Each structure stands twice: as C-alpha cells, then as structure tokens.
file run-v1.txt (compact mmCIF, C-alpha atoms)
# COMPACT_ATOMS: atom_id res chain seq x y z
CA MET J 1 10.39 -49.00 -35.84
CA ASN J 2 8.71 -47.94 -32.64
CA ALA J 3 11.55 -45.83 -31.35
CA PRO J 4 10.63 -42.15 -31.02
CA ASP J 5 12.74 -39.48 -32.75
CA ARG J 6 15.73 -38.23 -30.85
CA TYR J 7 14.46 -34.67 -30.68
CA GLU J 8 11.43 -35.95 -28.76
CA ARG J 9 13.71 -36.19 -25.75
CA PHE J 10 13.82 -32.42 -25.32
CA VAL J 11 11.38 -30.67 -27.67
CA VAL J 12 8.00 -30.06 -26.04
CA PRO J 13 5.30 -30.40 -28.71
CA GLU J 14 2.59 -27.81 -29.30
CA GLY J 15 -0.27 -27.84 -26.87
CA VAL J 16 1.55 -29.82 -24.21
CA ALA J 17 2.36 -27.99 -21.01
CA LYS J 18 5.90 -28.31 -19.75
CA VAL J 19 4.83 -28.56 -16.11
CA SER J 20 1.46 -29.58 -14.77
CA TYR J 21 0.31 -30.90 -11.43
CA GLU J 22 -2.47 -32.90 -9.87
CA ARG J 23 -3.46 -32.77 -6.26
CA ASP J 24 -3.91 -36.12 -4.57
CA THR J 25 -7.55 -36.72 -3.84
CA LYS J 26 -6.99 -38.97 -0.84
CA ILE J 27 -4.18 -37.19 1.01
CA ILE J 28 -4.14 -33.51 1.86
CA ASN J 29 -1.09 -31.44 0.97
CA ALA J 30 0.13 -33.96 -1.58
CA ALA J 31 0.59 -33.45 -5.29
CA SER J 32 2.24 -35.03 -8.31
CA PHE J 33 4.05 -32.74 -10.74
CA THR J 34 4.45 -33.98 -14.29
CA ILE J 35 7.37 -32.39 -16.15
CA GLU J 36 7.53 -33.05 -19.86
CA ARG J 37 10.77 -33.78 -21.75
CA GLU J 38 13.06 -33.92 -18.75
CA ASP J 39 15.04 -36.71 -17.18
CA HIS J 40 17.15 -37.62 -14.16
CA THR J 41 19.24 -34.48 -14.55
CA ILE J 42 16.44 -32.27 -13.23
CA GLY J 43 14.51 -34.92 -11.34
CA ASN J 44 17.33 -35.88 -9.02
CA ILE J 45 18.48 -32.37 -8.09
CA VAL J 46 14.93 -31.17 -7.37
CA ARG J 47 14.25 -34.27 -5.28
CA MET J 48 17.45 -33.93 -3.23
CA GLN J 49 16.72 -30.25 -2.65
CA LEU J 50 13.19 -31.07 -1.51
CA HIS J 51 14.62 -33.50 1.03
CA ARG J 52 16.34 -30.58 2.74
CA ASP J 53 13.02 -28.80 3.36
CA GLU J 54 11.74 -29.54 6.86
CA ASN J 55 8.12 -29.17 5.82
CA VAL J 56 8.40 -31.85 3.16
CA LEU J 57 7.29 -35.25 4.42
CA PHE J 58 7.81 -37.12 1.18
CA ALA J 59 9.61 -36.26 -2.06
CA GLY J 60 10.35 -38.64 -4.87
CA TYR J 61 10.59 -38.73 -8.64
CA LYS J 62 10.23 -41.39 -11.27
CA LEU J 63 10.42 -41.89 -15.00
CA PRO J 64 7.30 -43.94 -15.69
CA HIS J 65 8.85 -45.35 -18.86
CA PRO J 66 12.29 -44.80 -20.38
CA LEU J 67 10.81 -44.21 -23.84
CA LYS J 68 8.23 -41.68 -22.66
CA TYR J 69 10.23 -38.60 -21.91
CA LYS J 70 8.72 -37.14 -18.80
CA ILE J 71 9.19 -37.28 -15.04
CA ILE J 72 6.71 -37.28 -12.20
CA ILE J 73 7.71 -35.66 -8.91
CA ARG J 74 5.54 -36.48 -5.94
CA ILE J 75 5.58 -34.19 -2.89
CA HIS J 76 3.80 -34.48 0.45
CA THR J 77 4.12 -31.61 2.87
CA THR J 78 2.95 -30.74 6.37
CA SER J 79 0.14 -28.27 6.72
CA GLN J 80 2.72 -25.53 7.28
CA SER J 81 3.44 -25.52 3.58
CA SER J 82 2.00 -26.75 0.32
CA PRO J 83 3.56 -28.91 -2.39
CA MET J 84 3.53 -26.00 -4.84
CA GLN J 85 5.29 -23.79 -2.36
CA ALA J 86 7.87 -26.45 -1.56
CA TYR J 87 8.48 -27.04 -5.26
CA ASN J 88 8.98 -23.36 -6.03
CA GLN J 89 11.16 -22.91 -2.99
CA ALA J 90 13.34 -25.85 -4.05
CA ILE J 91 13.79 -24.46 -7.55
CA ASN J 92 14.63 -21.00 -6.22
CA ASP J 93 17.19 -22.43 -3.84
CA LEU J 94 18.77 -24.48 -6.59
CA ASP J 95 18.93 -21.40 -8.79
CA LYS J 96 20.72 -19.49 -6.08
CA GLU J 97 23.09 -22.37 -5.45
CA LEU J 98 24.02 -22.50 -9.13
CA ASP J 99 24.54 -18.73 -9.13
CA HIS J 100 26.86 -19.11 -6.18
CA LEU J 101 28.66 -21.97 -7.91
CA LYS J 102 29.13 -19.94 -11.07
CA ASN J 103 30.55 -16.96 -9.20
CA ALA J 104 32.87 -19.20 -7.19
CA PHE J 105 34.05 -20.86 -10.38
CA GLU J 106 34.70 -17.61 -12.20
CA ALA J 107 36.54 -16.17 -9.22
CA GLU J 108 38.67 -19.29 -8.91
CA LEU J 109 39.44 -19.24 -12.64
CA ALA J 110 40.52 -15.61 -12.47
CA ARG J 111 42.63 -16.30 -9.40
CA HIS J 112 44.19 -19.36 -10.94
CA SER J 113 45.07 -17.77 -14.27
CA GLY J 114 46.27 -14.66 -12.48
CA SER J 115 48.69 -16.62 -10.34
CA GLN J 116 49.79 -18.66 -13.35
CA SER J 117 50.73 -15.67 -15.43
CA ARG J 118 52.73 -14.28 -12.54
CA GLN J 119 54.93 -17.37 -12.69
CA TYR J 120 56.21 -16.40 -16.13
CA MET D 1 5.67 -16.96 2.31
CA GLU D 2 8.76 -18.84 3.40
CA GLY D 3 11.69 -16.72 4.42
CA VAL D 4 13.96 -19.65 5.13
CA SER D 5 16.31 -20.84 2.44
CA TYR D 6 17.75 -24.32 2.26
CA GLN D 7 20.48 -23.33 -0.12
CA ARG D 8 23.90 -24.92 -0.18
CA PHE D 9 27.11 -22.95 -0.73
CA PRO D 10 29.46 -24.96 -2.89
CA LYS D 11 33.18 -24.27 -3.11
CA ILE D 12 35.54 -24.83 -6.00
CA LYS D 13 39.25 -25.34 -6.10
CA ILE D 14 41.00 -25.70 -9.42
CA ARG D 15 43.84 -28.19 -9.60
CA GLU D 16 44.85 -27.98 -13.24
CA VAL D 17 43.72 -26.00 -16.26
CA ARG D 18 44.71 -26.40 -19.89
CA ASP D 19 42.87 -25.44 -23.05
CA ASP D 20 41.14 -28.75 -23.47
CA PHE D 21 41.53 -30.29 -20.03
CA MET D 22 40.57 -29.29 -16.56
CA LYS D 23 40.70 -30.85 -13.12
CA PHE D 24 38.94 -29.24 -10.19
CA GLU D 25 37.43 -30.03 -6.82
CA LEU D 26 33.83 -29.31 -5.94
CA ARG D 27 32.97 -29.25 -2.25
CA GLU D 28 30.01 -28.83 0.04
CA THR D 29 27.34 -29.79 -2.41
CA ASP D 30 25.31 -32.86 -3.11
CA SER D 31 26.18 -35.69 -5.47
CA SER D 32 23.01 -34.92 -7.42
CA ILE D 33 24.44 -31.53 -8.43
CA ALA D 34 27.76 -33.09 -9.41
CA ASN D 35 25.98 -35.70 -11.49
CA ALA D 36 23.65 -33.14 -13.06
CA LEU D 37 26.68 -31.07 -14.06
CA ARG D 38 28.29 -34.12 -15.59
CA ARG D 39 25.17 -35.08 -17.51
CA VAL D 40 24.67 -31.54 -18.79
CA MET D 41 28.30 -31.22 -19.90
CA ILE D 42 28.02 -34.37 -21.95
CA ALA D 43 24.54 -34.04 -23.38
CA GLU D 44 23.10 -30.54 -23.16
CA VAL D 45 25.76 -27.92 -23.74
CA PRO D 46 25.15 -26.70 -27.30
CA THR D 47 27.78 -26.77 -30.00
CA ILE D 48 27.87 -26.37 -33.75
CA ALA D 49 28.32 -29.30 -36.10
CA ILE D 50 27.69 -30.00 -39.75
CA ASP D 51 24.12 -31.17 -40.16
CA LEU D 52 23.20 -30.90 -43.85
CA VAL D 53 25.45 -31.87 -46.72
CA GLU D 54 24.80 -31.27 -50.45
CA ILE D 55 27.19 -33.28 -52.55
CA GLU D 56 27.77 -32.08 -56.07
CA VAL D 57 30.48 -34.44 -57.21
CA ASN D 58 31.81 -37.50 -55.43
CA SER D 59 33.98 -39.98 -57.26
CA SER D 60 35.89 -41.12 -54.19
CA VAL D 61 35.85 -44.64 -52.75
CA LEU D 62 33.48 -43.66 -49.92
CA ASN D 63 29.80 -43.18 -50.64
CA ASP D 64 27.89 -39.95 -50.08
CA GLU D 65 26.29 -40.69 -46.74
CA PHE D 66 29.53 -42.10 -45.39
CA ILE D 67 31.30 -38.83 -46.14
CA ALA D 68 28.37 -36.82 -44.76
CA HIS D 69 28.52 -38.82 -41.54
CA ARG D 70 32.25 -38.17 -41.19
CA LEU D 71 31.76 -34.47 -41.84
CA GLY D 72 29.20 -34.32 -39.05
CA LEU D 73 31.66 -35.71 -36.55
CA ILE D 74 34.32 -33.05 -37.20
CA PRO D 75 34.49 -30.73 -34.16
CA LEU D 76 33.96 -27.07 -35.01
CA THR D 77 34.96 -24.17 -32.76
CA SER D 78 31.68 -23.31 -31.12
CA GLU D 79 32.22 -20.17 -29.09
CA ARG D 80 29.21 -18.73 -30.88
CA ALA D 81 26.94 -21.62 -30.01
CA MET D 82 25.49 -20.32 -26.75
CA GLY D 83 24.30 -17.14 -28.44
CA MET D 84 22.99 -18.78 -31.59
CA ARG D 85 19.44 -19.92 -32.09
CA PHE D 86 18.36 -23.45 -32.85
CA SER D 87 17.25 -23.79 -36.47
CA ARG D 88 13.83 -24.97 -35.42
CA ASP D 89 13.37 -21.80 -33.33
CA CYS D 90 14.65 -19.39 -35.95
CA ASP D 91 12.01 -17.00 -37.27
CA ALA D 92 14.22 -15.43 -39.89
CA CYS D 93 14.19 -18.45 -42.13
CA ASP D 94 11.09 -20.45 -41.12
CA GLY D 95 13.23 -23.11 -39.55
CA ASP D 96 14.70 -23.93 -42.92
CA GLY D 97 18.13 -23.79 -41.45
CA GLN D 98 19.80 -21.77 -44.17
CA CYS D 99 20.05 -18.26 -42.79
CA GLU D 100 23.04 -16.59 -41.26
CA TYR D 101 21.54 -16.35 -37.77
CA CYS D 102 21.13 -20.02 -37.18
CA SER D 103 23.61 -21.74 -39.47
CA VAL D 104 27.12 -21.59 -40.87
CA GLU D 105 27.95 -22.65 -44.41
CA PHE D 106 30.99 -24.65 -45.43
CA HIS D 107 32.29 -25.75 -48.78
CA LEU D 108 34.93 -28.17 -49.88
CA ARG D 109 36.50 -28.78 -53.28
CA ALA D 110 39.16 -31.34 -53.82
CA LYS D 111 40.48 -33.07 -56.90
CA CYS D 112 43.47 -35.27 -57.12
CA ILE D 113 45.55 -34.40 -60.18
CA ASN D 114 48.92 -36.06 -59.62
CA ASP D 115 49.90 -39.63 -58.92
CA GLN D 116 50.24 -39.12 -55.18
CA THR D 117 47.26 -39.93 -52.94
CA LEU D 118 45.52 -36.74 -51.91
CA ASP D 119 44.33 -36.59 -48.28
CA VAL D 120 41.19 -34.49 -48.01
CA THR D 121 41.29 -33.19 -44.46
CA SER D 122 39.30 -30.90 -42.20
CA LYS D 123 41.68 -28.13 -43.17
CA ASP D 124 40.16 -28.17 -46.65
CA LEU D 125 36.77 -27.17 -45.27
CA TYR D 126 36.22 -23.47 -45.86
CA SER D 127 33.81 -21.70 -43.57
CA SER D 128 31.62 -18.69 -44.24
CA ASP D 129 32.23 -17.52 -40.68
CA HIS D 130 35.80 -17.31 -39.49
CA THR D 131 34.80 -17.92 -35.87
CA VAL D 132 33.39 -21.34 -36.70
CA VAL D 133 36.15 -23.47 -38.18
CA PRO D 134 37.27 -27.07 -37.77
CA VAL D 135 39.28 -27.41 -34.58
CA ASP D 136 43.01 -27.18 -35.06
CA PHE D 137 44.70 -29.87 -33.03
CA SER D 138 48.28 -28.74 -33.42
CA ASP D 139 49.80 -28.31 -30.02
CA SER D 140 51.81 -25.13 -30.05
CA SER D 141 53.53 -25.90 -26.76
CA SER D 142 55.03 -29.26 -27.69
CA GLY D 143 57.22 -28.37 -30.64
CA PHE D 144 58.66 -31.77 -31.49
CA ASP D 145 57.17 -33.88 -34.26
CA ASN D 146 54.22 -31.58 -34.88
CA SER D 147 55.92 -29.88 -37.78
CA GLU D 148 52.84 -30.23 -39.91
CA ASN D 149 49.38 -30.88 -38.60
CA LYS D 150 47.24 -32.08 -41.45
CA GLY D 151 43.86 -32.00 -39.75
CA ILE D 152 41.29 -34.79 -39.58
CA ILE D 153 41.35 -36.91 -42.74
CA ILE D 154 37.91 -37.10 -44.32
CA VAL D 155 38.69 -39.19 -47.41
CA LYS D 156 41.67 -40.08 -49.58
CA LEU D 157 41.55 -39.47 -53.33
CA ARG D 158 43.34 -41.16 -56.18
CA ARG D 159 44.25 -39.52 -59.44
CA GLY D 160 41.11 -38.36 -61.21
CA GLN D 161 38.81 -38.62 -58.19
CA GLU D 162 37.00 -35.50 -57.13
CA LEU D 163 34.91 -34.29 -54.23
CA ILE D 164 32.82 -31.11 -54.29
CA LEU D 165 30.27 -30.43 -51.59
CA ARG D 166 28.45 -27.76 -49.63
CA ALA D 167 27.71 -28.29 -45.95
CA ILE D 168 25.56 -26.44 -43.44
CA ALA D 169 26.41 -26.52 -39.76
CA ARG D 170 23.79 -25.94 -37.11
CA LYS D 171 23.52 -25.62 -33.37
CA GLY D 172 22.56 -28.75 -31.49
CA ILE D 173 23.00 -30.67 -28.25
CA GLY D 174 24.54 -34.04 -27.46
CA LYS D 175 21.11 -35.45 -26.58
CA ASP D 176 20.14 -35.17 -30.21
CA HIS D 177 23.29 -36.67 -31.70
CA ALA D 178 26.70 -37.35 -30.21
CA LYS D 179 28.39 -35.18 -32.84
CA TRP D 180 27.15 -32.17 -30.90
CA SER D 181 28.67 -33.25 -27.62
CA PRO D 182 31.53 -30.91 -26.64
CA ALA D 183 32.96 -33.23 -24.00
CA ALA D 184 35.43 -35.98 -24.68
CA THR D 185 35.10 -37.35 -21.18
CA VAL D 186 33.74 -35.90 -17.95
CA THR D 187 34.24 -37.89 -14.80
CA PHE D 188 34.05 -37.22 -11.12
CA MET D 189 35.18 -39.20 -8.16
CA TYR D 190 34.87 -38.84 -4.44
CA GLU D 191 37.89 -37.65 -2.55
CA PRO D 192 39.04 -40.44 -0.30
CA ASP D 193 39.63 -40.10 3.40
CA ILE D 194 42.51 -42.32 4.36
CA TYR D 195 42.78 -43.23 8.02
CA ILE D 196 45.93 -44.87 9.23
CA ASN D 197 45.69 -46.62 12.51
CA GLU D 198 48.75 -45.25 14.29
CA GLU D 199 48.96 -47.92 16.97
CA LEU D 200 48.90 -50.77 14.51
CA MET D 201 51.42 -48.91 12.39
CA GLU D 202 53.80 -48.81 15.32
CA SER D 203 53.61 -52.56 15.69
CA LEU D 204 55.06 -53.17 12.22
CA THR D 205 58.74 -53.66 11.72
CA PRO D 206 60.49 -51.16 9.40
CA ASP D 207 60.69 -53.81 6.67
CA GLU D 208 56.99 -54.49 6.88
CA LYS D 209 56.31 -50.77 6.72
CA ARG D 210 58.38 -50.44 3.58
CA GLU D 211 56.54 -53.37 1.96
CA PHE D 212 53.26 -51.77 2.85
CA VAL D 213 54.24 -48.45 1.33
CA GLU D 214 55.35 -50.11 -1.86
CA SER D 215 52.28 -52.28 -2.20
CA SER D 216 50.04 -49.44 -3.22
CA PRO D 217 50.05 -49.06 -7.01
CA THR D 218 49.95 -45.28 -6.98
CA PRO D 219 52.52 -43.77 -4.64
CA VAL D 220 50.27 -42.57 -1.88
CA PHE D 221 52.31 -43.16 1.24
CA LYS D 222 55.82 -42.06 1.91
CA PHE D 223 57.81 -44.06 4.35
CA ASP D 224 57.25 -42.61 7.80
CA GLU D 225 54.82 -40.01 6.55
CA ASN D 226 51.30 -40.05 5.20
CA THR D 227 50.38 -37.94 2.25
CA ASN D 228 46.81 -37.72 1.07
CA GLN D 229 46.80 -37.24 -2.67
CA ALA D 230 44.35 -37.92 -5.45
CA TYR D 231 44.23 -41.65 -5.16
CA THR D 232 41.88 -43.80 -7.19
CA TYR D 233 41.58 -46.09 -4.28
CA ASP D 234 41.66 -49.74 -5.00
CA GLU D 235 41.76 -52.51 -2.53
CA GLU D 236 45.46 -53.31 -2.92
CA VAL D 237 46.60 -51.52 0.18
CA ILE D 238 43.84 -52.99 2.29
CA LYS D 239 44.52 -56.48 0.98
CA LYS D 240 48.19 -56.09 1.79
CA ALA D 241 47.37 -55.03 5.30
CA GLU D 242 45.18 -58.08 5.77
CA SER D 243 47.78 -60.40 4.28
CA MET D 244 50.34 -59.09 6.75
CA GLY D 245 48.03 -60.10 9.50
CA LYS D 246 46.97 -56.62 10.46
CA PRO D 247 43.46 -55.88 9.22
CA GLY D 248 42.19 -52.44 10.10
CA LEU D 249 45.58 -50.84 9.54
CA VAL D 250 44.19 -48.58 6.85
CA GLU D 251 40.63 -47.47 6.30
CA ILE D 252 39.67 -45.69 3.11
CA ARG D 253 36.36 -43.98 3.08
CA ALA D 254 34.84 -41.61 0.51
CA LYS D 255 34.00 -38.12 1.66
CA GLU D 256 30.40 -37.74 0.67
CA ASP D 257 30.40 -34.14 -0.36
CA CYS D 258 33.75 -33.62 -2.08
CA PHE D 259 34.09 -34.40 -5.77
CA ILE D 260 37.10 -34.32 -8.04
CA PHE D 261 36.06 -33.55 -11.59
CA THR D 262 38.11 -34.32 -14.67
CA VAL D 263 36.82 -32.54 -17.78
CA GLU D 264 38.25 -33.19 -21.23
CA SER D 265 36.85 -31.24 -24.14
CA THR D 266 36.94 -32.16 -27.84
CA GLY D 267 38.29 -28.72 -28.64
CA ALA D 268 34.97 -27.23 -29.72
CA ILE D 269 34.78 -25.27 -26.48
CA LYS D 270 37.52 -24.66 -23.94
CA ALA D 271 37.24 -26.88 -20.89
CA SER D 272 36.71 -23.99 -18.46
CA GLN D 273 34.10 -22.46 -20.76
CA LEU D 274 32.40 -25.86 -20.97
CA VAL D 275 31.84 -25.92 -17.22
CA LEU D 276 30.49 -22.36 -17.21
CA ASN D 277 28.15 -23.11 -20.10
CA ALA D 278 26.97 -26.24 -18.30
CA ILE D 279 26.01 -24.21 -15.23
CA ASP D 280 24.14 -21.73 -17.47
CA VAL D 281 22.28 -24.49 -19.28
CA LEU D 282 21.31 -26.11 -15.99
CA LYS D 283 19.93 -22.78 -14.76
CA GLN D 284 17.94 -22.40 -17.98
CA LYS D 285 16.47 -25.86 -17.51
CA LEU D 286 15.45 -25.06 -13.96
CA ASP D 287 13.83 -21.84 -15.13
CA ALA D 288 11.82 -23.72 -17.71
CA VAL D 289 10.54 -26.06 -15.03
CA ARG D 290 9.21 -23.43 -12.63
CA LEU D 291 5.55 -23.32 -11.73
CA SER D 292 4.18 -20.20 -13.32
CA ALA D 293 0.99 -18.31 -12.51
CA ASP D 294 -0.70 -19.91 -15.47
CA THR D 295 0.26 -23.48 -14.71
CA VAL D 296 -3.25 -24.78 -14.70
CA GLU D 297 -4.03 -27.49 -12.26
CA ALA D 298 -4.92 -30.60 -14.20
CA ASP D 299 -8.60 -31.40 -14.16
CA GLU D 300 -9.89 -33.97 -11.65
CA GLN D 301 -10.96 -36.09 -14.56
CA PHE D 302 -7.41 -36.40 -15.79
CA GLY D 303 -6.01 -37.00 -12.36
CA GLU D 304 -4.35 -40.11 -11.04
CA LEU D 305 -7.65 -41.75 -10.17
CA GLY D 306 -8.99 -41.09 -13.64
CA ALA D 307 -5.90 -42.53 -15.25
CA HIS D 308 -6.22 -45.61 -13.06
CA MET D 309 -9.77 -46.17 -14.18
CA ARG D 310 -8.78 -45.94 -17.81
CA GLY D 311 -5.94 -48.38 -17.31
CA GLY D 312 -3.22 -45.76 -17.81
call {"tool": "encode", "arguments": {"input": "run-v1.txt", "output": "structure tokens"}}
result
Amino acid sequence: MNAPDRYERFVVPEGVAKVSYERDTKIINAASFTIEREDHTIGNIVRMQLHRDENVLFAGYKLPHPLKYKIIIRIHTTSQSSPMQAYNQAINDLDKELDHLKNAFEAELARHSGSQSRQY
Amino acid sequence: MEGVSYQRFPKIKIREVRDDFMKFELRETDSSIANALRRVMIAEVPTIAIDLVEIEVNSSVLNDEFIAHRLGLIPLTSERAMGMRFSRDCDACDGDGQCEYCSVEFHLRAKCINDQTLDVTSKDLYSSDHTVVPVDFSDSSSGFDNSENKGIIIVKLRRGQELILRAIARKGIGKDHAKWSPAATVTFMYEPDIYINEELMESLTPDEKREFVESSPTPVFKFDENTNQAYTYDEEVIKKAESMGKPGLVEIRAKEDCFIFTVESTGAIKASQLVLNAIDVLKQKLDAVRLSADTVEADEQFGELGAHMRGG
C-alpha cells in the first residue's frame, strides 16, 4: 500500500535535480552531495575513489532510507582542494578507469577469439 | 586545477568464453568496481521483453493475466536494446509505447483441432522484427537428444481450446522487473593465495602427505607439487592439517584486488556483450551524476541545519 512504484527507483521526476549539494555551515571545505535515484552501485565506487585522493579528509555515503531512492555523499577536503573539485576529479578518474577496462576487455576478447579460431 | 590523476589500471584475462557463459579474471581494481559491475549486469543492462498483452480469445485452462505474466518472462534476443529508446522517453508516439522506434509487436494464434494436446510454445510467437525473437535454446554443438527443440511452453491446449493474442515488447531494465534482467547469474570471488609451509610439509610422512592431498574436496594439490587453481576454498584442508596435529601447514588468504567473475546470460544478450554493455551503462550513470555548471547550490534555508530544525 505504501510501497513506491518500481520505476521510482531510477526515474527522476520533473523539477527534481539529479545532483545537488549543500556546503556545511560549521566546517570549511565540507559538503554533502545529494544524488537522486541512485544506490550503492554509484555510491560505493565514488566513495572508494574519493578515498584515493590525498586531499580528501573524509568521504562517505549513505542511503538515508531504503525506500527513498537517493544517496548522500559527504566530503571533507583540505584547503588545497574543495569538495566539488574532489567529486569531479573522482568521477573523471572513474570514467577513465572504465574506458581503460573496456579497451582491455575488447582487446582480450579479440585476442582470445583469435587464438581460438586458430586452433581449428 | 588538479593535474594529478588517481586512476587505476585494471587488467582482464579471459578464462573461458561461450555464447551464454563467460569466466574471466579482473585484476588491479577495487572490489567496489567489481561489485558495481555485478550489480549493473543484473539490474541495469537494458533488454527487451513483452510488456503489454492484448488477448482476443483465450479458452485455455490458464487465465489471461497468468498467460501475460508467462509471456513477459520469455527471453527475447535483445541486441537492439542498447540503441532503442525507452517508451517513456519516446517522442514519436507520446510514450504510448506502440511505435516502431520503441517497441516490437508480437502475435500468437493457436487452436487445438485434433485429439492430441497442443503445446503452445515460444516458437509460436511471431515477431514484427526479425532481430527480436524468442531465444532459441537448441544447442547446435551437442547433437545428441536435441533432435527437436520445442521452445518454452506457454500453455497447453485441449481440443477446441484457442488462444489469440497480440503482445508488445518494450525496452526495460532489471530494476523495474526481473523479466528484463539479461543475466542468469553473475558471481565473483577472490582469487585465493595458498601458502604451504615447506618446513612443516617436510615433517610429514609420505602417507600423511597423501592423506592431506586427498582431503581437499576439489583437487588442488598434486602429491609432491603445489598447483594453484580456481579453488572455492573451504576449510576442509585447514581442518585436516589441524587434525593431523600440524596447524599452520596451509594458509589460504584472499588476494584483495583479483576477482574471478562467472557470468551466465539468459540468452537475450551474449555473455561477452553483456559485460561490455554493463561497462557502458556504468559510464552513462557516472556521466549523469557529474556536477554541471548549472548545478545550483542548495539554498541555506534548505540545508542540513534547516532540515534539522524542521525535523527532517
């Protein structure tokens, strides 16, 4: 009765921004990013990538409620960087890593099927 | 701006590839990427499945919605799916879901006329697009016993019973309904590092060594040699070592950055294509989540402090 529709898990409704952020009033260089209609898939990889950044002091994500489909990523950085910069950097790095993964996979597939056909 | 990149450089090695099955190793990346790939393969790679069914005549023993449910679960070859639009995003038909860009039409007519039970199968579904058809499960390589592959049975009809329907298949993802999931199972495990303490090994008699080798359920060790194969490590070997009075003979640890993936597809998409599509979908999701120039900073009023005050 109270369960939301299944498509709510990934369809962003009109007027709602996919990503928004709020700076923390009490701590400098800290912000919380709210991402609508996403889950652990994105949350975890962004968080683990942020951990690799030396300028990031704190990075964590949470799903405030399992039936409200959004995640909140909280980032604290040193004064050398800003949370927005760290966030963008993390996403860019992940994008490049996935590009690299895709190329490696395609190359390996070609190599594997090439060597297989030679066997016959 | 930052010039430093904290990118990782993952490596892949394929162990086995078949049409619907694939086993490969993924190295030098984090478990979060491996898990994200797994989650995307199961829930977010798009496929095509029957979504709307108009039944004209149904005098079979199963009721209308039962048959519609079964039709939805039939896997359809979905090579086209990545390029198709979602019905809700289609501007050609106002999201109605009936146009050729975002949907595929099927029809089925079956009537049983003789005394023999008629099996209405997925092979009786006729598609308007020859690239989107119910998956054919006949294995061409194994010739024995597969003389006639009948397809997935939808319903059985007795003499006089009839079934006429029209079905529309649309693009969707597993998150919406499991019928759109292209993966049968996707699993990954860590590659184990097996350390054999050589000194302790020396102190065993040949008989004890043989017992030890045989105690492991999957043949991992050869007598007088160690081989390190894909071993779903259980505790048997370690327990045996302890029971023989020599704890610490074998140590099995998981290598933290090496994953062995096993991907089985339902046949809607080839297993190798499934992995490639998963990587593409994951990139699309990351793109959608970027901070753009017009990502407006939320107003102070709606900030964390404000939410606290309102009890949010």
call {"tool": "residues_near_point", "arguments": {"input": "run-v1.txt", "point": "(35.4, -32.4, -7.9)", "cutoff": "8 Å", "atoms": "all atoms listed in the file", "output": "list in words"}}
result
Ile12, Lys23, Phe24, Glu25, Leu26, Arg27, Ala34, Phe188, Met189, Tyr190, Glu191, Cys258, Phe259, Ile260, Phe261 and Thr262 of chain D
call {"tool": "closest_residue", "arguments": {"input": "run-v1.txt", "among": "J:Asn2, J:Gln116, J:Thr41, J:Thr34", "to": "chain D", "atoms": "only C-alpha atoms"}}
result
J:Thr41
call {"tool": "interface_residues", "arguments": {"input": "run-v1.txt", "of": "chain D", "to": "chain J", "cutoff": "7 Å", "atoms": "all atoms listed in the file", "output": "list in words"}}
result
Ser5, Tyr6, Gln7, Arg8, Phe9, Pro10, Lys11, Ile12, Lys13, Ile14, Ser32, Ile33, Ala36, Arg39, Asp176, Leu276, Ile279, Lys283, Leu286, Val289, Arg290, Leu291, Thr295, Val296, Glu297, Ala298 and Gly303 of chain D
call {"tool": "atom_distance", "arguments": {"input": "run-v1.txt", "atom1": "CA of Pro192 (chain D)", "atom2": "CA of Ala110 (chain J)"}}
result
27.7 Å
call {"tool": "atom_distance", "arguments": {"input": "run-v1.txt", "atom1": "CA of Ala43 (chain D)", "atom2": "CA of Thr187 (chain D)"}}
result
13.5 Å
call {"tool": "atom_distance", "arguments": {"input": "run-v1.txt", "atom1": "CA of Ile75 (chain J)", "atom2": "CA of Val12 (chain J)"}}
result
23.6 Å
call {"tool": "residues_around", "arguments": {"input": "run-v1.txt", "residues": "Asp39 (chain J)", "least_positions_apart": "6", "cutoff": "10 Å", "atoms": "all atoms listed in the file", "output": "ChimeraX atom specification"}}
result
/J:9-10,61-63,66,69-72
call {"tool": "residues_around", "arguments": {"input": "run-v1.txt", "residues": "Leu76 (chain D)", "least_positions_apart": "4", "cutoff": "7 Å", "atoms": "all atoms listed in the file", "output": "VMD selection string"}}
result
chain D and resid 48 to 49 132 to 135 268
